[in-house]
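**Q** So that you have it, the file is structure36.txt, and it contains compact mmCIF, C-alpha atoms and all ligand atoms:
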# COMPACT_ATOMS: atom_id res chain seq x y z
CA MET S 1 173.99 128.97 -57.39
CA THR S 2 173.19 131.55 -54.72
CA LYS S 3 171.91 135.08 -54.95
CA GLY S 4 174.56 137.66 -54.19
CA LYS S 5 174.23 141.42 -54.07
CA GLN S 6 171.20 142.98 -55.77
CA LEU S 7 172.55 144.71 -58.87
CA TYR S 8 169.34 146.28 -60.13
CA GLU S 9 165.63 146.53 -59.46
CA GLY S 10 163.34 147.18 -62.41
CA LYS S 11 159.57 147.48 -62.61
CA ALA S 12 158.93 143.75 -62.98
CA LYS S 13 162.24 142.06 -62.12
CA LYS S 14 165.23 142.18 -59.78
CA VAL S 15 168.72 141.18 -60.86
CA TYR S 16 171.28 139.65 -58.48
CA ALA S 17 174.99 138.91 -58.77
CA THR S 18 176.24 135.31 -58.44
CA GLU S 19 179.61 133.73 -57.60
CA THR S 20 180.41 133.85 -61.32
CA PRO S 21 181.11 137.33 -62.68
CA ASP S 22 179.49 136.80 -66.09
CA GLU S 23 176.30 135.20 -64.77
CA CYS S 24 173.42 136.71 -62.81
CA ILE S 25 170.05 135.73 -61.41
CA VAL S 26 166.83 137.36 -62.63
CA SER S 27 163.97 137.26 -60.14
CA TYR S 28 160.48 137.97 -61.51
CA LYS S 29 158.04 140.01 -59.38
CA ASP S 30 154.24 140.18 -59.32
CA ASP S 31 154.42 143.99 -59.54
CA ALA S 32 152.90 145.58 -62.62
CA THR S 33 153.28 149.10 -63.94
CA ALA S 34 151.93 150.86 -67.01
CA PHE S 35 152.09 154.27 -68.65
CA ASN S 36 155.75 154.77 -67.72
CA GLY S 37 155.15 153.91 -64.05
CA LEU S 38 152.06 156.11 -63.59
CA LYS S 39 149.76 153.12 -62.97
CA LYS S 40 150.93 150.57 -60.40
CA GLY S 41 149.49 147.29 -59.20
CA THR S 42 150.04 143.62 -58.48
CA ILE S 43 149.12 140.69 -60.69
CA ARG S 44 149.05 137.61 -58.48
CA GLY S 45 151.18 134.78 -59.89
CA LYS S 46 152.61 136.94 -62.69
CA GLY S 47 156.25 136.47 -61.62
CA THR S 48 156.02 132.69 -61.88
CA ILE S 49 154.06 132.76 -65.13
CA ASN S 50 156.39 135.22 -66.88
CA ASN S 51 159.49 133.38 -65.66
CA ARG S 52 158.25 130.01 -66.94
CA LEU S 53 156.87 131.37 -70.24
CA THR S 54 160.00 133.38 -71.02
CA ASN S 55 162.31 130.44 -70.38
CA TYR S 56 160.20 128.03 -72.39
CA LEU S 57 159.98 130.40 -75.37
CA MET S 58 163.69 131.26 -75.23
CA GLU S 59 164.57 127.55 -75.21
CA ARG S 60 162.39 126.99 -78.26
CA LEU S 61 163.81 130.02 -80.05
CA GLU S 62 167.35 128.74 -79.40
CA SER S 63 166.73 125.16 -80.48
CA GLU S 64 164.24 125.69 -83.30
CA ALA S 65 164.96 129.14 -84.70
CA GLY S 66 168.70 129.43 -83.96
CA ILE S 67 168.34 132.61 -81.88
CA PRO S 68 171.02 132.98 -79.17
CA THR S 69 169.59 134.06 -75.78
CA HIS S 70 170.88 134.98 -72.33
CA LEU S 71 169.16 131.96 -70.74
CA ILE S 72 171.32 129.48 -68.82
CA ARG S 73 168.76 127.63 -66.66
CA GLU S 74 165.62 128.05 -64.57
CA LEU S 75 166.39 127.92 -60.85
CA SER S 76 162.91 128.12 -59.31
CA ASP S 77 159.35 129.31 -59.99
CA THR S 78 160.47 132.93 -60.10
CA ASP S 79 164.25 132.82 -60.55
CA THR S 80 166.45 132.15 -63.57
CA LEU S 81 170.20 132.04 -64.12
CA VAL S 82 171.19 134.13 -67.14
CA ARG S 83 174.33 135.34 -68.84
CA LYS S 84 175.23 138.84 -67.75
CA VAL S 85 174.91 141.27 -70.66
CA ASP S 86 175.21 144.95 -71.44
CA ILE S 87 171.72 145.79 -72.62
CA VAL S 88 171.53 147.55 -75.99
CA PRO S 89 169.46 150.61 -74.94
CA LEU S 90 166.66 149.94 -77.43
CA GLU S 91 163.15 148.54 -77.20
CA VAL S 92 162.74 146.53 -80.37
CA ILE S 93 159.04 146.39 -81.24
CA VAL S 94 157.57 144.09 -83.88
CA ARG S 95 153.96 144.53 -84.99
CA ASN S 96 151.72 142.23 -87.03
CA VAL S 97 148.37 143.92 -86.41
CA VAL S 98 147.53 147.56 -85.56
CA ALA S 99 147.18 148.09 -81.78
CA GLY S 100 148.20 150.37 -78.92
CA SER S 101 150.28 153.42 -79.77
CA LEU S 102 150.35 152.55 -83.49
CA ALA S 103 146.54 152.79 -83.69
CA LYS S 104 146.78 156.39 -82.43
CA ARG S 105 149.76 157.28 -84.61
CA VAL S 106 148.26 156.15 -87.91
CA GLY S 107 144.58 156.71 -87.08
CA LYS S 108 143.55 153.09 -87.75
CA GLU S 109 141.37 150.90 -85.61
CA GLU S 110 142.96 148.30 -83.36
CA GLY S 111 142.80 144.94 -85.11
CA THR S 112 143.52 146.32 -88.59
CA PRO S 113 145.81 143.77 -90.28
CA LEU S 114 149.20 144.89 -91.66
CA ALA S 115 150.40 143.87 -95.13
CA ARG S 116 153.80 143.07 -93.60
CA PRO S 117 155.34 143.29 -90.13
CA ILE S 118 156.52 146.67 -88.82
CA LEU S 119 159.76 147.03 -86.88
CA GLU S 120 160.15 150.00 -84.52
CA PHE S 121 162.90 151.10 -82.17
CA CYS S 122 162.48 153.13 -79.00
CA TYR S 123 165.39 154.57 -77.04
CA LYS S 124 165.24 153.02 -73.56
CA ASP S 125 165.09 156.04 -71.26
CA ASP S 126 162.21 156.36 -68.78
CA GLY S 127 163.02 160.03 -68.16
CA LEU S 128 162.44 160.75 -71.85
CA GLY S 129 159.43 158.41 -72.07
CA ASP S 130 161.19 155.88 -74.37
CA PRO S 131 161.00 157.99 -77.57
CA MET S 132 160.77 156.30 -80.96
CA VAL S 133 164.00 156.54 -82.94
CA ASN S 134 165.29 155.22 -86.28
CA ASP S 135 168.48 153.66 -87.65
CA TYR S 136 170.10 157.07 -88.11
CA HIS S 137 169.59 158.04 -84.46
CA ILE S 138 170.89 154.66 -83.31
CA LEU S 139 174.09 154.82 -85.39
CA ALA S 140 174.73 158.53 -84.79
CA MET S 141 174.28 158.18 -81.02
CA GLY S 142 176.35 154.98 -80.92
CA TRP S 143 173.60 152.93 -79.21
CA ALA S 144 174.51 150.04 -81.55
CA ASP S 145 176.96 149.62 -84.42
CA GLU S 146 175.86 148.77 -87.96
CA LYS S 147 176.50 145.04 -87.71
CA THR S 148 174.70 144.76 -84.36
CA LEU S 149 171.72 146.70 -85.73
CA GLU S 150 171.47 144.46 -88.81
CA THR S 151 171.65 141.34 -86.63
CA ILE S 152 168.97 142.71 -84.30
CA LYS S 153 166.67 143.24 -87.30
CA ASP S 154 167.34 139.75 -88.64
CA TYR S 155 166.68 138.16 -85.22
CA ALA S 156 163.55 140.26 -84.62
CA PHE S 157 161.86 139.10 -87.85
CA ARG S 158 162.93 135.48 -87.32
CA ILE S 159 161.54 135.58 -83.76
CA ASP S 160 158.30 137.04 -85.15
CA ASP S 161 157.96 134.24 -87.74
CA TYR S 162 158.61 131.57 -85.13
CA LEU S 163 156.30 133.02 -82.47
CA ILE S 164 153.41 133.73 -84.88
CA ALA S 165 153.34 130.04 -85.86
CA PHE S 166 153.88 128.82 -82.29
CA PHE S 167 150.98 130.85 -80.87
CA LYS S 168 148.68 130.20 -83.83
CA GLU S 169 148.74 126.49 -82.96
CA ILE S 170 147.35 127.22 -79.51
CA GLY S 171 144.66 129.61 -80.76
CA ILE S 172 146.44 132.88 -80.04
CA ASP S 173 147.08 135.78 -82.46
CA LEU S 174 150.44 137.48 -81.84
CA ILE S 175 149.54 141.15 -82.36
CA ASP S 176 152.82 142.83 -81.37
CA PHE S 177 155.70 142.48 -78.90
CA LYS S 178 158.81 144.12 -77.50
CA LEU S 179 162.28 142.59 -77.39
CA GLU S 180 165.54 143.61 -75.76
CA PHE S 181 169.01 142.45 -76.73
CA GLY S 182 172.32 142.42 -74.86
CA ILE S 183 176.01 141.90 -75.49
CA THR S 184 177.81 139.20 -73.46
CA SER S 185 181.27 139.68 -71.94
CA ASP S 186 182.71 137.79 -74.93
CA GLY S 187 180.97 140.15 -77.38
CA ARG S 188 178.03 138.03 -78.56
CA LEU S 189 174.63 139.59 -79.28
CA VAL S 190 171.88 137.65 -77.48
CA LEU S 191 168.15 137.99 -76.86
CA ALA S 192 167.63 139.14 -73.25
CA ASP S 193 164.81 140.42 -70.98
CA GLU S 194 161.50 138.54 -71.28
CA ILE S 195 158.78 137.32 -73.64
CA SER S 196 155.50 137.29 -71.73
CA PRO S 197 152.00 138.78 -71.55
CA ASP S 198 153.74 141.87 -70.07
CA THR S 199 155.65 142.44 -73.30
CA CYS S 200 153.44 140.90 -76.00
CA ARG S 201 149.87 141.50 -77.14
CA PHE S 202 148.06 138.16 -77.32
CA TRP S 203 144.47 137.94 -78.63
CA ASP S 204 142.37 134.80 -78.65
CA SER S 205 142.23 133.81 -82.33
CA VAL S 206 138.47 133.21 -82.29
CA THR S 207 136.96 135.65 -79.77
CA LYS S 208 139.76 138.28 -80.08
CA GLU S 209 139.68 138.52 -76.27
CA LYS S 210 142.83 140.20 -74.89
CA LEU S 211 145.11 137.79 -72.98
CA ASP S 212 147.86 140.23 -71.96
CA LYS S 213 148.81 143.32 -69.99
CA ASP S 214 146.21 145.46 -71.79
CA ARG S 215 143.72 143.92 -69.31
CA PHE S 216 145.69 145.69 -66.56
CA ARG S 217 146.42 148.89 -68.54
CA ARG S 218 142.76 149.32 -69.55
CA ASP S 219 141.06 147.88 -66.42
CA LEU S 220 139.40 145.06 -68.37
CA GLY S 221 139.27 142.70 -65.34
CA ASP S 222 140.49 139.13 -64.72
CA VAL S 223 144.12 139.99 -65.41
CA GLU S 224 145.35 136.93 -63.46
CA GLY S 225 143.01 134.66 -65.44
CA ALA S 226 144.36 135.92 -68.77
CA TYR S 227 148.01 135.32 -67.80
CA LYS S 228 147.09 131.84 -66.53
CA GLU S 229 145.22 131.09 -69.75
CA VAL S 230 148.34 131.81 -71.82
CA LEU S 231 150.50 129.64 -69.52
CA GLU S 232 148.00 126.76 -69.67
CA ARG S 233 147.71 126.89 -73.45
CA VAL S 234 151.50 126.92 -73.87
CA PHE S 235 152.20 124.13 -71.39
CA GLY S 236 148.92 122.21 -71.42
CA GLU S 237 148.69 121.46 -75.10
CA ARG S 238 152.38 121.10 -75.85
CA ARG S 239 153.78 118.96 -73.05
N1 LIG J 301 155.82 147.20 -74.87
C1 LIG J 301 156.54 146.81 -73.76
N2 LIG J 301 157.16 147.75 -72.99
C2 LIG J 301 157.12 149.09 -73.27
C3 LIG J 301 156.39 149.50 -74.41
C4 LIG J 301 155.75 148.54 -75.19
O1 LIG J 301 156.62 145.62 -73.48
O2 LIG J 301 157.72 149.88 -72.53
C5 LIG J 301 155.15 146.22 -75.72
C6 LIG J 301 153.63 146.26 -75.53
O3 LIG J 301 153.22 145.33 -74.54
C7 LIG J 301 153.13 145.85 -76.88
C8 LIG J 301 154.21 146.34 -77.86
O4 LIG J 301 155.38 146.52 -77.07
O5 LIG J 301 153.06 144.44 -76.99
C9 LIG J 301 153.86 147.63 -78.57
O6 LIG J 301 153.50 148.61 -77.64
P1 LIG J 301 152.96 150.05 -78.04
O7 LIG J 301 154.05 150.81 -78.70
O8 LIG J 301 151.68 149.91 -78.77
O9 LIG J 301 152.78 150.79 -76.68
P2 LIG J 301 151.65 150.70 -75.59
O10 LIG J 301 150.35 150.79 -76.32
O11 LIG J 301 151.90 149.40 -74.90
O12 LIG J 301 151.99 151.89 -74.75
Have the structure of the file written as structure tokens, please.
Ligand code: UDP
**A**
Amino acid sequence: MTKGKQLYEGKAKKVYATETPDECIVSYKDDATAFNGLKKGTIRGKGTINNRLTNYLMERLESEAGIPTHLIRELSDTDTLVRKVDIVPLEVIVRNVVAGSLAKRVGKEEGTPLARPILEFCYKDDGLGDPMVNDYHILAMGWADEKTLETIKDYAFRIDDYLIAFFKEIGIDLIDFKLEFGITSDGRLVLADEISPDTCRFWDSVTKEKLDKDRFRRDLGDVEGAYKEVLERVFGERR
């Protein structure tokens, strides 16, 4: 499988065409951005870590939680063959504990537990700053149809249940995370994008130390060490 034309370059990944029209190659970069691209930097080794973590978690979600994903197979440290999808233009956010923008919105301290998970949608548009939207916006604007939206909700909560338990076993609290879904050429809804310390908040269960991109966003230091710690806990204690 060889890389063809570059189809797209995002903040953290590049996407290339392949010989097969409905497959493409995702290539993870070490580049990091935050605050809608305002803060830029490099996290050494991030591309490899996020590629390996995402693929491992997607495999587990497929086999153990019955969630279809875009993953076909890992090609190298940074590159993965995936099914080509049309991305549903929504960031699907699941929250188990108050943090980040929710802390500001509801005036609660970070770390405040939630009685039940919260599901949020943001419309994926950098120019607009990814505004939060609800079911009515999504259906009225045609970003997803009713059945797709219901399936996204079902998958999001099932992914949350699975990942909470998975990370708990390795001493990590899953605070919140962002998912993206896509539609394959044959019309199937699948989990796409990535699941990594770039897109999840991970806190050490005991010390509550942050093991995710907040270390970069908030200049907390040892960003590389935190990403490596998550990789080592996932692979070290489970394989
Ligand atoms: N998130 C993300 N990409 C975004 C926005 C949020 O991956 O463009 C993730 C973020 O890492 C966190 C969760 O979604 O795990 C909730 O983020 P929040 O809305 O609190 O925004 P933030 O505080 O990250 O701006």
**Q** Taking all atoms listed in the file into account, which of S:Leu179, S:Val106, S:Val234, S:Leu114 comes nearest ligand LIG 301 (chain J)?
**A** S:Leu179
**Q** Quick one: residues within 8 Å of Met132 of chain S, only C-alpha atoms, excluding same-chain residues fewer than 5 positions away - as an mmCIF file with C-alpha atoms, keeping the file's coordinate frame?
**A**
data_model
loop_
_atom_site.group_PDB
_atom_site.id
_atom_site.type_symbol
_atom_site.label_atom_id
_atom_site.label_comp_id
_atom_site.auth_asym_id
_atom_site.auth_seq_id
_atom_site.Cartn_x
_atom_site.Cartn_y
_atom_site.Cartn_z
ATOM 1 C CA GLU S 120 160.150 150.000 -84.520
ATOM 2 C CA PHE S 121 162.900 151.100 -82.170
ATOM 3 C CA CYS S 122 162.480 153.130 -79.000
ATOM 4 C CA TYR S 123 165.390 154.570 -77.040
#
**Q** Give the residue list for ligand LIG 301 (chain J) at 9 Å, counting all atoms listed in the file, as a ChimeraX atom specification, sorted by chain and then by residue number.
**A** /S:34-36,91-95,98-104,120,122,124,126,129-130,132,174-179,194-202,212-214,217
**Q** Kindly assemble as a Markdown table a list of the segment 118-225 of chain S residues that lie within 10 Å of segment 58-62 of chain S, each paired with its nearest atom pair and their distance in Å to one decimal, using all atoms listed in the file, sorted first by chain and then by ascending residue number.
**A**
| residue | atom | partner | partner_atom | distance |
| --- | --- | --- | --- | --- |
| S:Arg158 | CA | S:Leu61 | CA | 9.1 |
| S:Ile159 | CA | S:Leu61 | CA | 7.1 |
| S:Tyr162 | CA | S:Leu61 | CA | 7.4 |
| S:Leu163 | CA | S:Leu61 | CA | 8.4 |
| S:Phe166 | CA | S:Arg60 | CA | 9.6 |
| S:Leu191 | CA | S:Met58 | CA | 8.2 |
| S:Ala192 | CA | S:Met58 | CA | 9.0 |
| S:Glu194 | CA | S:Met58 | CA | 8.6 |
| S:Ile195 | CA | S:Met58 | CA | 8.0 |
**Q** Give the answer as one residue: which of S:Asp79, S:Asp86, S:Asp222, S:Asp31 has the shortest atom-to-atom distance to Trp143 of chain S, using all atoms listed in the file?
**A**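 Smallest distance to Trp143 of chain S is found for S:Asp86.
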**Q** In the coordinates of the file, take the point (149.9, 143.4, -64.3) and a cut-off of 8 Å; then, counting all atoms listed in the file, name each qualifying protein, DNA or RNA residue as a count of residues only.
**A** 15
**Q** Grab the atom CA of Tyr16 of chain S to atom CA of Leu231 of chain S distance for me, in Å with one decimal place.
**A**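 Separation of atom CA of Tyr16 of chain S and atom CA of Leu231 of chain S: 25.6 Å.
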**Q** What does the structure give for the distance between atom CA of Arg83 of chain S and atom CA of Leu71 of chain S, in Å to one decimal?
**A**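 Interatomic distance here is 6.5 Å.
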**Q** If you measure from atom CA of Tyr28 of chain S to atom CA of Gly47 of chain S, what distance in Å do you get, rounded to one decimal?
**A**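 Straight-line distance from atom CA of Tyr28 of chain S to atom CA of Gly47 of chain S works out to 4.5 Å.
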